[in-house]
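Engineer: The structure file work_25.cif (mmCIF, N, CA and C atoms and all ligand atoms) is provided below.
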data_structure
#
loop_
_atom_site.label_atom_id
_atom_site.label_comp_id
_atom_site.auth_asym_id
_atom_site.auth_seq_id
_atom_site.Cartn_x
_atom_site.Cartn_y
_atom_site.Cartn_z
N MET A 74 0.83 -1.20 0.00
CA MET A 74 0.00 0.00 0.00
C MET A 74 0.87 1.26 0.00
N GLY A 75 1.83 1.29 0.90
CA GLY A 75 2.69 2.47 1.00
C GLY A 75 3.42 2.76 -0.30
N GLY A 76 3.88 1.68 -0.95
CA GLY A 76 4.61 1.84 -2.20
C GLY A 76 3.76 2.52 -3.26
N GLN A 77 2.50 2.12 -3.30
CA GLN A 77 1.59 2.69 -4.30
C GLN A 77 1.29 4.16 -4.00
N ILE A 78 1.07 4.44 -2.71
CA ILE A 78 0.80 5.84 -2.32
C ILE A 78 1.99 6.70 -2.72
N LYS A 79 3.18 6.21 -2.36
CA LYS A 79 4.40 6.96 -2.64
C LYS A 79 4.56 7.20 -4.15
N ASP A 80 4.36 6.11 -4.90
CA ASP A 80 4.52 6.19 -6.35
C ASP A 80 3.58 7.24 -6.95
N ARG A 81 2.30 7.20 -6.55
CA ARG A 81 1.32 8.12 -7.13
C ARG A 81 1.56 9.56 -6.72
N VAL A 82 1.97 9.72 -5.48
CA VAL A 82 2.15 11.09 -4.96
C VAL A 82 3.42 11.71 -5.54
N VAL A 83 4.50 10.93 -5.57
CA VAL A 83 5.77 11.46 -6.08
C VAL A 83 5.67 11.77 -7.57
N SER A 84 4.95 10.93 -8.30
CA SER A 84 4.81 11.17 -9.75
C SER A 84 3.76 12.25 -10.02
N ARG A 85 3.11 12.75 -8.97
CA ARG A 85 2.06 13.78 -9.06
C ARG A 85 0.85 13.30 -9.87
N ASN A 86 0.65 11.98 -9.91
CA ASN A 86 -0.59 11.44 -10.49
C ASN A 86 -1.75 11.67 -9.53
N MET A 87 -1.40 11.70 -8.23
CA MET A 87 -2.40 11.83 -7.18
C MET A 87 -1.94 12.86 -6.17
N PRO A 88 -2.84 13.66 -5.58
CA PRO A 88 -4.22 13.80 -5.99
C PRO A 88 -4.29 14.45 -7.39
N PRO A 89 -5.33 14.14 -8.15
CA PRO A 89 -5.39 14.61 -9.54
C PRO A 89 -5.37 16.13 -9.64
N TRP A 90 -4.51 16.63 -10.45
CA TRP A 90 -4.43 18.08 -10.73
C TRP A 90 -3.81 18.19 -12.12
N HIS A 91 -4.69 18.19 -13.12
CA HIS A 91 -4.23 18.01 -14.51
C HIS A 91 -3.74 19.32 -15.10
N LEU A 92 -2.60 19.75 -14.61
CA LEU A 92 -2.07 21.02 -15.06
C LEU A 92 -0.60 20.81 -15.43
N ASP A 93 -0.20 21.37 -16.55
CA ASP A 93 1.21 21.31 -16.92
C ASP A 93 1.98 22.28 -16.02
N ARG A 94 2.82 21.73 -15.16
CA ARG A 94 3.51 22.58 -14.17
C ARG A 94 4.68 23.33 -14.77
N THR A 95 4.87 23.17 -16.08
CA THR A 95 6.03 23.83 -16.69
C THR A 95 5.63 25.03 -17.54
N VAL A 96 4.33 25.29 -17.64
CA VAL A 96 3.92 26.36 -18.56
C VAL A 96 2.65 27.04 -18.05
N GLY A 97 2.54 28.33 -18.31
CA GLY A 97 1.29 29.06 -18.06
C GLY A 97 1.03 29.37 -16.60
N ILE A 98 -0.24 29.73 -16.33
CA ILE A 98 -0.64 30.13 -14.98
C ILE A 98 -0.52 28.94 -14.03
N GLN A 99 0.03 29.17 -12.86
CA GLN A 99 0.24 28.09 -11.88
C GLN A 99 -0.54 28.30 -10.60
N ARG A 100 -1.01 29.53 -10.36
CA ARG A 100 -1.68 29.80 -9.09
C ARG A 100 -3.19 29.80 -9.29
N PHE A 101 -3.87 28.86 -8.67
CA PHE A 101 -5.32 28.77 -8.77
C PHE A 101 -5.92 28.70 -7.38
N LYS A 102 -7.09 29.35 -7.21
CA LYS A 102 -7.75 29.36 -5.91
C LYS A 102 -8.06 27.94 -5.42
N ASN A 103 -8.46 27.07 -6.36
CA ASN A 103 -8.91 25.73 -5.96
C ASN A 103 -7.84 24.66 -6.17
N ASP A 104 -6.59 25.09 -6.12
CA ASP A 104 -5.48 24.15 -6.34
C ASP A 104 -5.47 23.07 -5.26
N THR A 105 -5.70 21.83 -5.63
CA THR A 105 -5.71 20.73 -4.65
C THR A 105 -4.43 19.88 -4.75
N SER A 106 -3.48 20.35 -5.57
CA SER A 106 -2.25 19.56 -5.69
C SER A 106 -1.41 19.72 -4.43
N LEU A 107 -0.45 18.83 -4.24
CA LEU A 107 0.39 18.87 -3.04
C LEU A 107 1.63 19.71 -3.31
N THR A 108 2.10 20.39 -2.28
CA THR A 108 3.36 21.13 -2.41
C THR A 108 4.51 20.12 -2.29
N ASP A 109 5.70 20.55 -2.69
CA ASP A 109 6.87 19.66 -2.57
C ASP A 109 7.06 19.24 -1.11
N GLU A 110 6.81 20.18 -0.18
CA GLU A 110 6.99 19.86 1.25
C GLU A 110 5.97 18.80 1.69
N GLN A 111 4.74 18.94 1.22
CA GLN A 111 3.71 17.95 1.59
C GLN A 111 4.08 16.57 1.05
N ILE A 112 4.57 16.55 -0.18
CA ILE A 112 4.97 15.26 -0.76
C ILE A 112 6.12 14.67 0.05
N ALA A 113 7.07 15.53 0.43
CA ALA A 113 8.21 15.05 1.22
C ALA A 113 7.74 14.48 2.56
N THR A 114 6.73 15.11 3.16
CA THR A 114 6.19 14.62 4.44
C THR A 114 5.59 13.23 4.26
N ILE A 115 4.80 13.07 3.19
CA ILE A 115 4.17 11.76 2.94
C ILE A 115 5.25 10.69 2.71
N VAL A 116 6.26 11.04 1.92
CA VAL A 116 7.33 10.08 1.61
C VAL A 116 8.08 9.70 2.89
N ARG A 117 8.35 10.70 3.74
CA ARG A 117 9.04 10.42 5.01
C ARG A 117 8.22 9.47 5.87
N TRP A 118 6.92 9.72 5.89
CA TRP A 118 6.02 8.88 6.69
C TRP A 118 6.02 7.44 6.17
N ILE A 119 5.96 7.29 4.85
CA ILE A 119 5.96 5.94 4.28
C ILE A 119 7.30 5.25 4.54
N ASP A 120 8.40 5.97 4.27
CA ASP A 120 9.73 5.37 4.42
C ASP A 120 10.04 5.00 5.86
N SER A 121 9.39 5.69 6.80
CA SER A 121 9.68 5.40 8.21
C SER A 121 8.70 4.38 8.79
N GLY A 122 7.90 3.73 7.92
CA GLY A 122 7.08 2.62 8.39
C GLY A 122 5.60 2.94 8.59
N MET A 123 5.16 4.11 8.13
CA MET A 123 3.74 4.48 8.16
C MET A 123 3.13 4.34 9.56
N ALA A 124 3.75 4.96 10.54
CA ALA A 124 3.23 4.88 11.91
C ALA A 124 1.84 5.50 11.98
N PRO A 125 0.91 4.81 12.68
CA PRO A 125 -0.43 5.40 12.81
C PRO A 125 -0.37 6.64 13.70
N GLY A 126 -1.27 7.57 13.47
CA GLY A 126 -1.31 8.77 14.31
C GLY A 126 -2.05 8.49 15.60
N ASN A 127 -2.32 9.55 16.34
CA ASN A 127 -3.06 9.41 17.59
C ASN A 127 -4.53 9.11 17.28
N PRO A 128 -5.04 7.97 17.80
CA PRO A 128 -6.44 7.61 17.50
C PRO A 128 -7.40 8.72 17.90
N LYS A 129 -7.00 9.57 18.87
CA LYS A 129 -7.89 10.66 19.32
C LYS A 129 -8.12 11.68 18.21
N ASP A 130 -7.18 11.75 17.27
CA ASP A 130 -7.32 12.73 16.18
C ASP A 130 -8.17 12.21 15.03
N MET A 131 -8.61 10.95 15.14
CA MET A 131 -9.39 10.37 14.04
C MET A 131 -10.76 11.03 13.96
N PRO A 132 -11.24 11.30 12.75
CA PRO A 132 -12.61 11.80 12.64
C PRO A 132 -13.59 10.70 13.05
N PRO A 133 -14.79 11.06 13.48
CA PRO A 133 -15.76 10.02 13.84
C PRO A 133 -16.08 9.14 12.64
N ALA A 134 -16.41 7.88 12.92
CA ALA A 134 -16.73 6.95 11.83
C ALA A 134 -17.90 7.48 11.02
N LYS A 135 -17.83 7.31 9.72
CA LYS A 135 -18.91 7.78 8.84
C LYS A 135 -20.19 7.01 9.14
N MET A 136 -21.27 7.73 9.30
CA MET A 136 -22.56 7.08 9.50
C MET A 136 -23.28 7.00 8.15
N TRP A 137 -23.45 5.81 7.63
CA TRP A 137 -24.13 5.66 6.35
C TRP A 137 -25.64 5.69 6.56
N PRO A 138 -26.37 6.25 5.60
CA PRO A 138 -27.82 6.26 5.77
C PRO A 138 -28.34 4.82 5.78
N SER A 139 -29.45 4.61 6.46
CA SER A 139 -30.02 3.28 6.52
C SER A 139 -30.46 2.86 5.12
N ASP A 140 -30.35 1.57 4.79
CA ASP A 140 -30.83 1.15 3.47
C ASP A 140 -32.29 0.70 3.54
N GLU A 141 -32.93 0.97 4.67
CA GLU A 141 -34.38 0.77 4.75
C GLU A 141 -35.03 2.08 4.32
N GLY A 142 -36.16 2.00 3.66
CA GLY A 142 -36.88 3.22 3.28
C GLY A 142 -36.20 3.94 2.13
N TRP A 143 -36.75 5.09 1.78
CA TRP A 143 -36.28 5.85 0.61
C TRP A 143 -35.69 7.17 1.05
N GLN A 144 -34.47 7.45 0.58
CA GLN A 144 -33.80 8.71 0.96
C GLN A 144 -34.58 9.92 0.48
N LEU A 145 -35.26 9.78 -0.65
CA LEU A 145 -35.95 10.93 -1.24
C LEU A 145 -37.37 11.12 -0.71
N ALA A 146 -37.80 10.23 0.19
CA ALA A 146 -39.20 10.29 0.66
C ALA A 146 -39.50 11.61 1.36
N GLU A 147 -38.53 12.14 2.09
CA GLU A 147 -38.74 13.39 2.81
C GLU A 147 -39.08 14.53 1.86
N GLN A 148 -38.42 14.50 0.71
CA GLN A 148 -38.59 15.58 -0.28
C GLN A 148 -39.82 15.35 -1.17
N PHE A 149 -40.05 14.09 -1.56
CA PHE A 149 -41.08 13.83 -2.58
C PHE A 149 -42.21 12.93 -2.10
N GLY A 150 -42.14 12.46 -0.87
CA GLY A 150 -43.14 11.49 -0.42
C GLY A 150 -42.76 10.09 -0.86
N GLN A 151 -43.60 9.13 -0.48
CA GLN A 151 -43.31 7.74 -0.85
C GLN A 151 -43.42 7.56 -2.37
N PRO A 152 -42.69 6.63 -2.93
CA PRO A 152 -42.72 6.46 -4.39
C PRO A 152 -44.09 6.02 -4.90
N ASP A 153 -44.44 6.48 -6.10
CA ASP A 153 -45.69 6.05 -6.74
C ASP A 153 -45.53 4.65 -7.30
N ILE A 154 -44.33 4.38 -7.81
CA ILE A 154 -44.09 3.08 -8.44
C ILE A 154 -42.75 2.53 -7.96
N ILE A 155 -42.74 1.28 -7.62
CA ILE A 155 -41.47 0.61 -7.30
C ILE A 155 -41.25 -0.48 -8.34
N VAL A 156 -40.15 -0.37 -9.03
CA VAL A 156 -39.83 -1.34 -10.08
C VAL A 156 -38.70 -2.22 -9.56
N GLN A 157 -38.94 -3.50 -9.63
CA GLN A 157 -37.91 -4.41 -9.11
C GLN A 157 -37.22 -5.11 -10.27
N SER A 158 -35.92 -5.09 -10.25
CA SER A 158 -35.20 -5.79 -11.32
C SER A 158 -35.00 -7.25 -10.91
N THR A 159 -34.61 -8.04 -11.89
CA THR A 159 -34.38 -9.45 -11.58
C THR A 159 -33.14 -9.57 -10.69
N PRO A 160 -33.12 -10.51 -9.77
CA PRO A 160 -31.98 -10.60 -8.85
C PRO A 160 -30.68 -10.88 -9.58
N TYR A 161 -29.62 -10.37 -9.04
CA TYR A 161 -28.29 -10.58 -9.62
C TYR A 161 -27.30 -10.71 -8.48
N THR A 162 -26.50 -11.73 -8.52
CA THR A 162 -25.51 -11.94 -7.47
C THR A 162 -24.14 -11.58 -8.00
N VAL A 163 -23.47 -10.67 -7.32
CA VAL A 163 -22.12 -10.28 -7.72
C VAL A 163 -21.16 -11.36 -7.26
N PRO A 164 -20.38 -11.93 -8.19
CA PRO A 164 -19.41 -12.96 -7.76
C PRO A 164 -18.39 -12.34 -6.79
N ALA A 165 -17.97 -13.12 -5.82
CA ALA A 165 -17.04 -12.60 -4.81
C ALA A 165 -15.71 -12.19 -5.44
N VAL A 166 -15.26 -12.95 -6.43
CA VAL A 166 -13.99 -12.64 -7.08
C VAL A 166 -14.23 -12.68 -8.59
N ALA A 167 -14.14 -11.52 -9.23
CA ALA A 167 -14.40 -11.46 -10.67
C ALA A 167 -14.00 -10.09 -11.20
N GLN A 168 -14.03 -9.96 -12.50
CA GLN A 168 -13.80 -8.67 -13.13
C GLN A 168 -14.99 -7.75 -12.83
N ASP A 169 -14.82 -6.45 -13.10
CA ASP A 169 -15.94 -5.53 -12.98
C ASP A 169 -17.07 -6.01 -13.89
N ALA A 170 -18.30 -5.87 -13.43
CA ALA A 170 -19.44 -6.30 -14.25
C ALA A 170 -20.40 -5.14 -14.42
N TRP A 171 -20.88 -4.95 -15.62
CA TRP A 171 -21.90 -3.94 -15.88
C TRP A 171 -23.20 -4.65 -16.22
N TRP A 172 -24.01 -4.82 -15.22
CA TRP A 172 -25.25 -5.57 -15.38
C TRP A 172 -26.36 -4.60 -15.75
N LYS A 173 -27.03 -4.86 -16.87
CA LYS A 173 -28.02 -3.90 -17.36
C LYS A 173 -29.36 -4.58 -17.58
N PRO A 174 -30.08 -4.81 -16.51
CA PRO A 174 -31.38 -5.49 -16.68
C PRO A 174 -32.40 -4.54 -17.30
N LEU A 175 -33.30 -5.07 -18.09
CA LEU A 175 -34.41 -4.29 -18.63
C LEU A 175 -35.68 -4.75 -17.92
N THR A 176 -36.43 -3.79 -17.41
CA THR A 176 -37.62 -4.14 -16.64
C THR A 176 -38.78 -3.26 -17.07
N ASP A 177 -39.95 -3.81 -17.23
CA ASP A 177 -41.12 -2.99 -17.54
C ASP A 177 -41.44 -2.09 -16.36
N VAL A 178 -41.83 -0.84 -16.67
CA VAL A 178 -42.21 0.08 -15.59
C VAL A 178 -43.74 0.10 -15.52
N LEU A 179 -44.29 -1.00 -15.13
CA LEU A 179 -45.76 -1.09 -15.07
C LEU A 179 -46.25 -0.40 -13.80
N PRO A 180 -47.40 0.25 -13.86
CA PRO A 180 -48.39 0.24 -14.93
C PRO A 180 -48.22 1.36 -15.96
N VAL A 181 -47.04 1.97 -16.07
CA VAL A 181 -46.87 3.07 -17.02
C VAL A 181 -46.68 2.50 -18.42
N THR A 182 -47.54 2.92 -19.34
CA THR A 182 -47.44 2.38 -20.70
C THR A 182 -47.32 3.49 -21.72
N GLU A 183 -47.19 4.75 -21.24
CA GLU A 183 -47.06 5.89 -22.16
C GLU A 183 -45.97 6.80 -21.61
N PRO A 184 -45.40 7.69 -22.46
CA PRO A 184 -44.34 8.59 -21.98
C PRO A 184 -44.84 9.45 -20.82
N ARG A 185 -44.10 9.55 -19.75
CA ARG A 185 -44.48 10.36 -18.58
C ARG A 185 -43.26 11.09 -18.04
N TRP A 186 -43.48 12.24 -17.41
CA TRP A 186 -42.39 12.93 -16.73
C TRP A 186 -42.15 12.24 -15.39
N VAL A 187 -40.90 12.26 -14.98
CA VAL A 187 -40.55 11.65 -13.69
C VAL A 187 -39.97 12.73 -12.79
N ARG A 188 -40.47 12.84 -11.56
CA ARG A 188 -39.93 13.85 -10.63
C ARG A 188 -38.67 13.39 -9.94
N ALA A 189 -38.60 12.12 -9.66
CA ALA A 189 -37.41 11.62 -8.95
C ALA A 189 -37.28 10.12 -9.15
N VAL A 190 -36.06 9.68 -9.16
CA VAL A 190 -35.77 8.24 -9.24
C VAL A 190 -34.73 7.91 -8.18
N GLU A 191 -34.96 6.86 -7.47
CA GLU A 191 -33.95 6.42 -6.50
C GLU A 191 -33.67 4.95 -6.71
N MET A 192 -32.39 4.62 -6.79
CA MET A 192 -31.99 3.22 -6.93
C MET A 192 -31.71 2.69 -5.54
N ARG A 193 -32.17 1.50 -5.27
CA ARG A 193 -31.89 0.92 -3.96
C ARG A 193 -31.40 -0.50 -4.12
N PRO A 194 -30.11 -0.71 -3.90
CA PRO A 194 -29.63 -2.09 -3.96
C PRO A 194 -30.20 -2.87 -2.80
N GLY A 195 -30.53 -4.11 -3.01
CA GLY A 195 -31.10 -4.90 -1.93
C GLY A 195 -30.36 -6.21 -1.81
N SER A 196 -30.41 -6.79 -0.63
CA SER A 196 -29.70 -8.05 -0.46
C SER A 196 -30.67 -9.23 -0.47
N SER A 197 -31.97 -8.94 -0.49
CA SER A 197 -32.91 -10.06 -0.54
C SER A 197 -34.02 -9.74 -1.54
N ALA A 198 -34.32 -10.68 -2.40
CA ALA A 198 -35.38 -10.47 -3.39
C ALA A 198 -36.70 -10.25 -2.68
N GLY A 199 -37.49 -9.31 -3.16
CA GLY A 199 -38.81 -9.10 -2.60
C GLY A 199 -38.85 -8.05 -1.51
N ALA A 200 -37.68 -7.61 -1.02
CA ALA A 200 -37.69 -6.57 0.03
C ALA A 200 -38.11 -5.24 -0.57
N VAL A 201 -38.97 -4.51 0.11
CA VAL A 201 -39.41 -3.20 -0.39
C VAL A 201 -39.06 -2.15 0.65
C1 LIG A 301 -2.80 12.08 -1.53
C2 LIG A 301 -3.99 11.69 -1.96
C3 LIG A 301 -4.17 10.51 -2.90
C4 LIG A 301 -3.45 9.35 -2.98
C5 LIG A 301 -2.25 8.90 -2.15
C6 LIG A 301 -4.06 8.53 -4.04
C7 LIG A 301 -3.63 7.27 -4.44
C8 LIG A 301 -4.16 6.53 -5.46
C9 LIG A 301 -3.70 5.25 -5.90
C10 LIG A 301 -2.55 4.46 -5.26
C11 LIG A 301 -4.48 4.85 -6.93
C12 LIG A 301 -4.37 3.57 -7.75
C13 LIG A 301 -5.27 2.52 -7.15
C14 LIG A 301 -5.21 1.22 -7.95
O1 LIG A 301 -4.66 1.20 -9.06
O2 LIG A 301 -5.77 0.23 -7.47
C15 LIG A 301 -5.45 5.89 -7.17
C16 LIG A 301 -6.41 5.86 -8.16
C17 LIG A 301 -7.37 6.84 -8.34
N1 LIG A 301 -7.53 7.98 -7.61
FE1 LIG A 301 -6.31 8.63 -6.11
N2 LIG A 301 -5.14 9.22 -4.55
C18 LIG A 301 -5.23 10.42 -3.89
C19 LIG A 301 -6.17 11.42 -4.08
C20 LIG A 301 -7.20 11.35 -5.01
C21 LIG A 301 -8.23 12.37 -5.16
C22 LIG A 301 -8.34 13.65 -4.31
C23 LIG A 301 -9.04 11.94 -6.17
C24 LIG A 301 -10.26 12.58 -6.78
C25 LIG A 301 -10.54 13.87 -6.67
C26 LIG A 301 -8.53 10.66 -6.65
C27 LIG A 301 -9.07 9.91 -7.67
C28 LIG A 301 -8.58 8.70 -8.12
C29 LIG A 301 -9.13 7.98 -9.24
C30 LIG A 301 -10.32 8.41 -10.11
C31 LIG A 301 -8.36 6.81 -9.38
C32 LIG A 301 -8.52 5.73 -10.44
C33 LIG A 301 -7.63 6.13 -11.57
C34 LIG A 301 -7.47 5.05 -12.61
O3 LIG A 301 -7.82 3.89 -12.34
O4 LIG A 301 -6.92 5.38 -13.67
N3 LIG A 301 -7.42 10.35 -5.91
N4 LIG A 301 -5.24 6.90 -6.26
#
Please, can you express the file's structure as C-alpha cells?
Structural biologist:
Amino acid sequence: MGGQIKDRVVSRNMPPWHLDRTVGIQRFKNDTSLTDEQIATIVRWIDSGMAPGNPKDMPPAKMWPSDEGWQLAEQFGQPDIIVQSTPYTVPAVAQDAWWKPLTDVLPVTEPRWVRAVEMRPGSSAGAV
C-alpha cells in the first residue's frame, strides 16, 4: 500500500491536478495539488514505516444512511411506483461487471415525466 501511495504522490498522479507545471498560470484558488513539502512529508512517513497517528485525532466513523426506506421520501413522499429488477448476485472474485437489466415500468405504458428516481440495492429479493 505504502509503495503505491508513494509512487502516485511522487509522480504527481495523485491527488489529480491536470495542469502542466512547466507552462502558463500556476496559481489557482482551488489548487488541490500537493506542495513539494507535503509530498516530502508523505514520503518520510511511508519510508519510516507508516506509523499510525493518535487515535484521538481520528474523525468520527462515517454514519451511512439506513438502506431501509427511501432517501428521497422526505422531499417527494413515498414512491408512486417501485420497479424491481431481476436478482443478480455479484461474484465474490471477478472482473468488474456492468449488469443492465431491462424491466417494464408497469403500470406506465405511455411517456411520462418523472420527478425523482432512487436506486436501492437490496440483499434479498422481494424486500421493499
Ligand atoms: C494524496 C492523496 C491521494 C493518494 C495517495 C491517491 C492514491 C491513489 C492510488 C494508489 C491509486 C491507484 C489505485 C489502484 O490502481 O488500485 C489511485 C487511483 C485513483 N484515484 Fe487517487 N489518490 C489520492 C487522491 C485522489 C483524489 C483527491 C481523487 C479525486 C478527486 C482521486 C481519484 C482517483 C481515481 C479516479 C483513481 C482511479 C484512476 C485510474 O484507475 O486510472 N485520488 N489513487
Engineer: For atom C12 of ligand LIG 301 (chain A) and atom CA of Ile119 of chain A, determine how far apart the two atoms are, in Å to one decimal place.
Structural biologist: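 Result for atom C12 of ligand LIG 301 (chain A) versus atom CA of Ile119 of chain A: 16.0 Å, one decimal.
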Engineer: Quick one: distance from atom CA of Pro152 of chain A to atom N of Trp172 of chain A in Å, one decimal?
Structural biologist: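 These atoms are spaced 24.4 Å apart.
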Engineer: May I ask you to write as a PyMOL selection string all residues lying at most 6.5 Å from ligand LIG 301 (chain A), with all atoms listed in the file counted?
Structural biologist: chain A and resi 77-79+81-82+86-89
Engineer: For atom CA of Gly75 of chain A and atom CA of Gln111 of chain A, determine how far apart the two atoms are, in Å to one decimal place.
Structural biologist: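 Those two atoms sit 15.5 Å apart.
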Engineer: Neighbouring residues of Leu145 of chain A were defined as those with any atom within 7 Å, considering only N, CA and C atoms; residues of the same chain fewer than 5 positions away were excluded. Please report them as number ranges by chain.
Structural biologist: A: 150-151, 191
Engineer: Give one line per residue of segment 145-174 of chain A that approaches segment 180-189 of chain A to at most 8 Å, naming the two atoms of the closest pair and their distance in Å to one decimal, counting only N, CA and C atoms; sort by chain then ascending residue number and deliver it as a tab-separated table.
Structural biologist:
residue	atom	partner	partner_atom	distance
A:Leu145	CA	A:Ala189	CA	7.9
A:Phe149	CA	A:Ala189	CA	7.7
A:Ile154	CA	A:Pro180	N	7.0
A:Ile155	N	A:Pro180	N	7.9
Engineer: With all atoms of segment 130-135 of chain A from the file as input, state the centre and edge lengths in Å to one decimal of the axis-aligned box that has 5 Å extra on each side, as JSON.
Structural biologist:
{"center_x": -13.7, "center_y": 9.8, "center_z": 13.1, "size_x": 23.0, "size_y": 15.8, "size_z": 18.4}
Engineer: Could you check the closest approach to Arg85 of chain A for each of A:Thr176, A:Ser106, A:Lys129, A:Phe101 and tell me which residue wins, using all atoms listed in the file?
Structural biologist: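 Closest to Arg85 of chain A, using all atoms listed in the file: A:Ser106.
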Engineer: Any chance you could model all heavy atoms for segment 157-164 of chain A and send them as a short mmCIF file (atom, residue, chain, number, x, y, z; two decimals), in the coordinates of the input?
Structural biologist:
data_model
loop_
_atom_site.label_atom_id
_atom_site.label_comp_id
_atom_site.auth_asym_id
_atom_site.auth_seq_id
_atom_site.Cartn_x
_atom_site.Cartn_y
_atom_site.Cartn_z
N GLN A 157 -38.94 -3.50 -9.63
CA GLN A 157 -37.91 -4.41 -9.11
C GLN A 157 -37.22 -5.11 -10.27
O GLN A 157 -37.89 -5.63 -11.17
CB GLN A 157 -38.57 -5.43 -8.21
CG GLN A 157 -37.70 -5.81 -7.06
CD GLN A 157 -38.51 -6.28 -5.88
OE1 GLN A 157 -39.59 -6.84 -6.05
NE2 GLN A 157 -38.02 -6.05 -4.70
N SER A 158 -35.92 -5.09 -10.25
CA SER A 158 -35.20 -5.79 -11.32
C SER A 158 -35.00 -7.25 -10.91
O SER A 158 -35.19 -7.61 -9.75
CB SER A 158 -33.85 -5.11 -11.56
OG SER A 158 -33.12 -5.04 -10.37
N THR A 159 -34.61 -8.04 -11.89
CA THR A 159 -34.38 -9.45 -11.58
C THR A 159 -33.14 -9.57 -10.69
O THR A 159 -32.21 -8.77 -10.83
CB THR A 159 -34.17 -10.27 -12.86
OG1 THR A 159 -33.30 -9.53 -13.72
CG2 THR A 159 -35.47 -10.56 -13.57
N PRO A 160 -33.12 -10.51 -9.77
CA PRO A 160 -31.98 -10.60 -8.85
C PRO A 160 -30.68 -10.88 -9.58
O PRO A 160 -30.66 -11.54 -10.63
CB PRO A 160 -32.35 -11.79 -7.96
CG PRO A 160 -33.79 -12.02 -8.16
CD PRO A 160 -34.13 -11.52 -9.52
N TYR A 161 -29.62 -10.37 -9.04
CA TYR A 161 -28.29 -10.58 -9.62
C TYR A 161 -27.30 -10.71 -8.48
O TYR A 161 -27.31 -9.90 -7.56
CB TYR A 161 -27.92 -9.38 -10.50
CG TYR A 161 -26.54 -9.46 -11.10
CD1 TYR A 161 -26.29 -10.30 -12.17
CD2 TYR A 161 -25.49 -8.70 -10.59
CE1 TYR A 161 -25.02 -10.38 -12.73
CE2 TYR A 161 -24.23 -8.77 -11.14
CZ TYR A 161 -24.00 -9.61 -12.21
OH TYR A 161 -22.75 -9.70 -12.75
N THR A 162 -26.50 -11.73 -8.52
CA THR A 162 -25.51 -11.94 -7.47
C THR A 162 -24.14 -11.58 -8.00
O THR A 162 -23.71 -12.10 -9.03
CB THR A 162 -25.54 -13.41 -6.99
OG1 THR A 162 -26.86 -13.69 -6.52
CG2 THR A 162 -24.54 -13.63 -5.86
N VAL A 163 -23.47 -10.67 -7.32
CA VAL A 163 -22.12 -10.28 -7.72
C VAL A 163 -21.16 -11.36 -7.26
O VAL A 163 -21.12 -11.69 -6.07
CB VAL A 163 -21.72 -8.93 -7.08
CG1 VAL A 163 -20.33 -8.51 -7.52
CG2 VAL A 163 -22.75 -7.86 -7.39
N PRO A 164 -20.38 -11.93 -8.19
CA PRO A 164 -19.41 -12.96 -7.76
C PRO A 164 -18.39 -12.34 -6.79
O PRO A 164 -18.03 -11.17 -6.93
CB PRO A 164 -18.74 -13.39 -9.06
CG PRO A 164 -19.53 -12.79 -10.17
CD PRO A 164 -20.31 -11.65 -9.62
#
